[in-house]
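Asker: mmCIF, C-alpha atoms, file my_file_30.cif:
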data_run
#
loop_
_atom_site.label_atom_id
_atom_site.label_comp_id
_atom_site.auth_asym_id
_atom_site.auth_seq_id
_atom_site.Cartn_x
_atom_site.Cartn_y
_atom_site.Cartn_z
CA ALA A 1 6.46 22.13 26.31
CA GLN A 2 5.79 25.63 27.50
CA SER A 3 7.80 28.51 26.13
CA VAL A 4 7.92 32.24 26.74
CA THR A 5 8.88 34.88 24.19
CA GLN A 6 9.89 38.36 25.18
CA LEU A 7 9.75 40.25 21.94
CA ASP A 8 12.27 42.96 22.81
CA SER A 9 15.73 42.22 24.15
CA GLN A 10 16.37 45.89 24.91
CA VAL A 11 14.04 48.82 25.48
CA PRO A 12 15.46 52.32 25.94
CA VAL A 13 13.07 55.02 27.13
CA PHE A 14 13.31 58.48 28.56
CA GLU A 15 12.52 59.17 32.19
CA GLU A 16 8.82 59.82 32.87
CA ALA A 17 7.82 58.25 29.55
CA PRO A 18 5.47 55.23 29.41
CA VAL A 19 6.84 51.78 28.67
CA GLU A 20 5.50 48.40 27.62
CA LEU A 21 7.51 45.20 27.80
CA ARG A 22 5.96 42.47 25.73
CA CYS A 23 5.58 38.83 26.69
CA ASN A 24 3.87 35.99 24.87
CA TYR A 25 3.65 32.41 26.03
CA SER A 26 2.75 29.18 24.34
CA SER A 27 0.49 26.91 26.27
CA SER A 28 -2.85 25.30 25.67
CA VAL A 29 -3.56 24.82 29.34
CA SER A 30 -4.08 27.09 32.28
CA VAL A 31 -0.91 28.76 33.43
CA TYR A 32 0.44 30.95 36.14
CA LEU A 33 2.23 34.05 34.82
CA PHE A 34 4.91 36.18 36.43
CA TRP A 35 7.13 39.15 35.90
CA TYR A 36 10.47 39.24 37.73
CA VAL A 37 13.00 42.06 37.87
CA GLN A 38 16.75 41.62 38.20
CA TYR A 39 19.06 44.46 39.16
CA PRO A 40 22.80 44.18 38.41
CA ASN A 41 24.54 41.49 40.44
CA GLN A 42 21.32 40.59 42.17
CA GLY A 43 18.87 37.72 42.19
CA LEU A 44 15.33 37.88 40.91
CA GLN A 45 12.56 39.79 42.61
CA LEU A 46 8.93 39.02 41.96
CA LEU A 47 7.26 42.08 40.46
CA LEU A 48 3.75 40.75 39.95
CA LYS A 49 1.86 37.56 39.22
CA TYR A 50 -1.32 36.28 37.65
CA LEU A 51 -2.77 33.12 39.13
CA SER A 52 -6.50 33.55 38.51
CA GLY A 53 -9.26 36.11 38.79
CA SER A 54 -8.87 39.67 37.53
CA THR A 55 -6.82 39.78 34.36
CA LEU A 56 -5.19 43.08 35.35
CA VAL A 57 -2.59 42.78 38.08
CA GLU A 58 -0.59 45.58 39.67
CA SER A 59 2.62 45.92 41.61
CA ILE A 60 3.33 48.31 44.46
CA ASN A 61 5.75 50.39 42.39
CA GLY A 62 3.40 51.34 39.56
CA PHE A 63 3.83 48.45 37.13
CA GLU A 64 0.83 46.56 35.83
CA ALA A 65 0.32 43.59 33.53
CA GLU A 66 -2.73 42.27 31.77
CA PHE A 67 -3.39 38.62 31.10
CA ASN A 68 -4.89 38.12 27.66
CA LYS A 69 -5.82 34.49 27.15
CA SER A 70 -6.90 34.83 23.52
CA GLN A 71 -3.59 36.42 22.56
CA THR A 72 -1.57 34.36 25.09
CA SER A 73 0.10 37.53 26.25
CA PHE A 74 1.08 39.08 29.56
CA HIS A 75 2.55 42.48 28.69
CA LEU A 76 4.07 44.66 31.41
CA ARG A 77 3.35 48.38 31.44
CA LYS A 78 4.21 51.45 33.44
CA PRO A 79 2.75 54.88 32.65
CA SER A 80 5.80 56.84 33.81
CA VAL A 81 9.22 55.29 34.40
CA HIS A 82 11.97 56.38 36.75
CA ILE A 83 15.73 56.02 36.54
CA SER A 84 15.53 53.40 39.29
CA ASP A 85 13.46 51.15 36.99
CA THR A 86 16.60 50.42 34.97
CA ALA A 87 16.97 46.64 35.21
CA GLU A 88 16.35 43.41 33.36
CA TYR A 89 12.81 42.10 33.36
CA PHE A 90 11.85 38.47 32.95
CA CYS A 91 8.48 37.04 32.09
CA ALA A 92 7.86 33.51 33.35
CA VAL A 93 5.19 30.85 33.21
CA SER A 94 4.48 27.73 35.23
CA ASP A 95 2.00 24.91 34.97
CA PRO A 96 -0.29 24.81 38.01
CA LEU A 97 -0.89 21.11 37.44
CA ILE A 98 2.75 20.23 38.04
CA GLN A 99 3.37 19.43 41.67
CA GLY A 100 5.89 21.87 42.96
CA ALA A 101 4.80 24.50 40.51
CA GLN A 102 7.99 26.36 41.18
CA LYS A 103 9.29 24.94 37.90
CA LEU A 104 9.34 28.24 36.10
CA VAL A 105 9.96 28.68 32.38
CA PHE A 106 11.50 32.07 31.71
CA GLY A 107 11.69 34.32 28.69
CA GLN A 108 15.06 35.61 27.53
CA GLY A 109 14.63 38.89 29.37
CA THR A 110 14.22 42.52 28.36
CA ARG A 111 16.81 45.05 29.41
CA LEU A 112 15.05 48.29 30.27
CA THR A 113 17.27 51.36 30.17
CA ILE A 114 15.93 54.67 31.39
CA ASN A 115 17.65 57.76 30.03
CA PRO A 116 17.43 61.11 31.79
CA LYS B 1 13.46 37.85 58.49
CA ALA B 2 16.57 36.74 56.67
CA GLY B 3 16.30 36.10 52.95
CA VAL B 4 17.62 33.26 50.86
CA THR B 5 21.37 32.96 51.33
CA GLN B 6 23.64 31.50 48.71
CA THR B 7 27.30 30.78 49.31
CA PRO B 8 29.78 31.47 47.99
CA ARG B 9 28.86 34.53 45.90
CA TYR B 10 31.73 34.04 43.48
CA LEU B 11 33.73 30.99 42.53
CA ILE B 12 36.46 30.24 40.01
CA LYS B 13 37.17 26.63 39.13
CA THR B 14 39.26 24.80 36.59
CA ARG B 15 37.82 22.61 33.87
CA GLY B 16 37.45 19.03 35.08
CA GLN B 17 37.05 19.96 38.75
CA GLN B 18 33.87 19.64 40.71
CA VAL B 19 32.04 22.29 42.70
CA THR B 20 29.42 22.45 45.44
CA LEU B 21 27.12 25.42 45.90
CA SER B 22 24.99 26.03 48.95
CA CYS B 23 21.57 27.55 49.46
CA SER B 24 19.95 28.32 52.80
CA PRO B 25 16.24 29.01 52.38
CA ILE B 26 14.10 31.36 54.37
CA SER B 27 13.22 29.89 57.74
CA GLY B 28 10.12 27.72 57.42
CA HIS B 29 10.47 27.21 53.68
CA ARG B 30 10.63 23.56 52.67
CA SER B 31 11.04 23.87 48.92
CA VAL B 32 14.27 24.86 47.19
CA SER B 33 14.69 25.18 43.44
CA TRP B 34 17.85 25.79 41.44
CA TYR B 35 18.23 27.71 38.19
CA GLN B 36 21.14 28.32 35.84
CA GLN B 37 21.41 31.72 34.17
CA THR B 38 23.69 32.24 31.16
CA PRO B 39 23.74 34.95 28.48
CA GLY B 40 23.09 32.40 25.76
CA GLN B 41 20.49 30.11 27.31
CA GLY B 42 18.88 32.51 29.77
CA LEU B 43 17.30 31.15 32.94
CA GLN B 44 16.85 27.39 33.00
CA PHE B 45 15.33 25.23 35.70
CA LEU B 46 17.71 22.65 37.15
CA PHE B 47 15.76 20.87 39.89
CA GLU B 48 13.52 21.30 42.89
CA TYR B 49 13.74 19.69 46.29
CA PHE B 50 10.94 19.45 48.81
CA SER B 51 11.31 17.78 52.19
CA GLU B 52 14.64 16.22 51.17
CA THR B 53 13.21 14.67 47.98
CA GLN B 54 13.81 15.75 44.42
CA ARG B 55 10.38 16.58 43.07
CA ASN B 56 11.11 18.09 39.66
CA LYS B 57 14.07 17.98 37.34
CA GLY B 58 15.07 20.00 34.31
CA ASN B 59 16.97 18.90 31.22
CA PHE B 60 20.52 18.92 32.46
CA PRO B 61 23.12 16.15 32.29
CA GLY B 62 23.78 13.89 35.23
CA ARG B 63 26.87 15.93 36.13
CA PHE B 64 24.43 18.28 37.83
CA SER B 65 23.05 16.93 41.07
CA GLY B 66 21.64 18.22 44.28
CA ARG B 67 20.40 17.32 47.67
CA GLN B 68 18.45 18.77 50.52
CA PHE B 69 19.07 18.33 54.20
CA SER B 70 16.60 17.95 57.04
CA ASN B 71 16.91 21.66 57.84
CA SER B 72 15.88 22.44 54.22
CA ARG B 73 19.31 23.74 53.26
CA SER B 74 20.23 22.56 49.80
CA GLU B 75 23.44 21.93 47.95
CA MET B 76 24.05 21.68 44.26
CA ASN B 77 27.02 19.80 42.86
CA VAL B 78 28.51 19.93 39.40
CA SER B 79 31.14 17.34 38.55
CA THR B 80 33.68 17.37 35.74
CA LEU B 81 33.22 21.07 35.09
CA GLU B 82 33.09 22.35 31.53
CA LEU B 83 33.65 25.89 30.28
CA GLY B 84 29.95 26.05 29.41
CA ASP B 85 29.03 25.59 33.06
CA SER B 86 30.11 29.15 33.73
CA ALA B 87 26.92 30.84 34.86
CA LEU B 88 25.01 32.52 37.63
CA TYR B 89 23.33 29.83 39.71
CA LEU B 90 20.22 30.98 41.51
CA CYS B 91 18.19 29.23 44.12
CA ALA B 92 14.66 30.04 45.17
CA SER B 93 12.77 28.95 48.24
CA SER B 94 9.13 28.78 49.13
CA VAL B 95 7.00 27.25 51.81
CA THR B 96 5.42 24.57 49.67
CA GLY B 97 6.90 24.99 46.21
CA GLY B 98 4.37 27.26 44.62
CA PRO B 99 5.92 29.98 42.46
CA ALA B 100 3.57 32.59 43.81
CA GLU B 101 5.64 32.68 46.95
CA ALA B 102 9.13 31.95 45.66
CA PHE B 103 12.01 34.10 46.88
CA PHE B 104 15.34 34.13 45.08
CA GLY B 105 18.81 34.41 46.50
CA GLN B 106 21.48 36.66 45.02
CA GLY B 107 23.12 33.78 43.25
CA THR B 108 26.56 32.21 42.97
CA ARG B 109 28.58 33.27 39.98
CA LEU B 110 30.67 30.32 38.82
CA THR B 111 33.49 30.86 36.36
CA VAL B 112 35.16 27.83 34.84
CA VAL B 113 38.60 28.44 33.32
#
What does this structure look like when you write it as structure tokens?

Answerer:
Amino acid sequence: AQSVTQLDSQVPVFEEAPVELRCNYSSSVSVYLFWYVQYPNQGLQLLLKYLSGSTLVESINGFEAEFNKSQTSFHLRKPSVHISDTAEYFCAVSDPLIQGAQKLVFGQGTRLTINP
Amino acid sequence: KAGVTQTPRYLIKTRGQQVTLSCSPISGHRSVSWYQQTPGQGLQFLFEYFSETQRNKGNFPGRFSGRQFSNSRSEMNVSTLELGDSALYLCASSVTGGPAEAFFGQGTRLTVV
């Protein structure tokens, strides 16, 4: 069975500093990879996704993630964070061979706290 | 266009009761998935419905069930509630079921006392 490990449960950083949220997955087959963000008392919002093609994917708000097949990783990075980036971030994986590939397997989440 | 709507937003139930949660997907979306989010277990997939048929199921006991109507609206039912069922229940909709296009609702927070 697939599993996702987010190595840090909490990451505190100062505003305008760079950040990396780490995500590793276990799967021997092709996968789809995702990062979701959850603000307090809200649902999940898709931040970015890797389905195929370029291993570096970017979001509209400055986040990027790189798919590394050899290391089975999909780390999320941002060169300069803002207070509004404070949220919980979830890495997720799905198996493209499963019909209805919306069956996502999530990591435990990383709480990103931005300090002024 | 309107997003995924989950009702109610908050719910308090007593152990042993049953509860029904509702999810209205984005117009045109035929797939609805349900997830349970708890501090201890994180986000776990419950089941997915597509065109009124359950297409995928997670590892939850039979007390958890769902259905989907012809208008794609979905309901989730939990019978004989236990304290451990307290959680945020999220639903996600998409046109065909692919995660690349899944949109989540704000969730229903269920508290079992």

Asker: One decimal, in Å: what's the spacing between CA of Tyr50 (chain A) and CA of Phe74 (chain A)?

Answerer: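 Here the two named atoms are 8.9 Å from each other.
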
Asker: Could you tell me which residues the PyMOL selection byres ((chain B) within 12 of (chain A)) grabs in this file, written as JSON, numbers by chain?

Answerer: {"B": [3, 4, 5, 6, 9, 10, 30, 31, 32, 33, 34, 35, 36, 37, 38, 39, 40, 41, 42, 43, 44, 45, 46, 47, 48, 49, 50, 51, 53, 54, 55, 56, 57, 58, 59, 88, 89, 90, 91, 92, 93, 94, 95, 96, 97, 98, 99, 100, 101, 102, 103, 104, 105, 106, 107, 108, 109]}

Asker: May I have the protein, DNA and RNA residues with an atom at most 12 Å from (-0.3, 49.1, 37.1), counting all atoms listed in the file in the file's coordinates, returned as a PDB file with C-alpha atoms, in the frame of the given file?

Answerer:
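Dumped everything to part.pdb:
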ATOM      1  CA  PRO A  18       5.470  55.230  29.410  1.00  0.00           C
ATOM      2  CA  VAL A  19       6.840  51.780  28.670  1.00  0.00           C
ATOM      3  CA  GLU A  20       5.500  48.400  27.620  1.00  0.00           C
ATOM      4  CA  LEU A  47       7.260  42.080  40.460  1.00  0.00           C
ATOM      5  CA  LEU A  48       3.750  40.750  39.950  1.00  0.00           C
ATOM      6  CA  LYS A  49       1.860  37.560  39.220  1.00  0.00           C
ATOM      7  CA  THR A  55      -6.820  39.780  34.360  1.00  0.00           C
ATOM      8  CA  LEU A  56      -5.190  43.080  35.350  1.00  0.00           C
ATOM      9  CA  VAL A  57      -2.590  42.780  38.080  1.00  0.00           C
ATOM     10  CA  GLU A  58      -0.590  45.580  39.670  1.00  0.00           C
ATOM     11  CA  SER A  59       2.620  45.920  41.610  1.00  0.00           C
ATOM     12  CA  ILE A  60       3.330  48.310  44.460  1.00  0.00           C
ATOM     13  CA  ASN A  61       5.750  50.390  42.390  1.00  0.00           C
ATOM     14  CA  GLY A  62       3.400  51.340  39.560  1.00  0.00           C
ATOM     15  CA  PHE A  63       3.830  48.450  37.130  1.00  0.00           C
ATOM     16  CA  GLU A  64       0.830  46.560  35.830  1.00  0.00           C
ATOM     17  CA  ALA A  65       0.320  43.590  33.530  1.00  0.00           C
ATOM     18  CA  GLU A  66      -2.730  42.270  31.770  1.00  0.00           C
ATOM     19  CA  HIS A  75       2.550  42.480  28.690  1.00  0.00           C
ATOM     20  CA  LEU A  76       4.070  44.660  31.410  1.00  0.00           C
ATOM     21  CA  ARG A  77       3.350  48.380  31.440  1.00  0.00           C
ATOM     22  CA  LYS A  78       4.210  51.450  33.440  1.00  0.00           C
ATOM     23  CA  PRO A  79       2.750  54.880  32.650  1.00  0.00           C
ATOM     24  CA  SER A  80       5.800  56.840  33.810  1.00  0.00           C
ATOM     25  CA  VAL A  81       9.220  55.290  34.400  1.00  0.00           C
TER      26      VAL A  81
END

Asker: Which value, in Å to one decimal, gives the distance between CA of Glu82 (chain B) and CA of Ile12 (chain B)?

Answerer: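 Here the two named atoms are 12.1 Å from each other.
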
Asker: Identify which of the residues A:Val4, A:Lys69, A:Arg111, A:Ala17 lies closest to Val29 (chain A), counting all atoms listed in the file when measuring atom-to-atom distances.

Answerer: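 Of all the options, A:Lys69 lies closest to Val29 (chain A).
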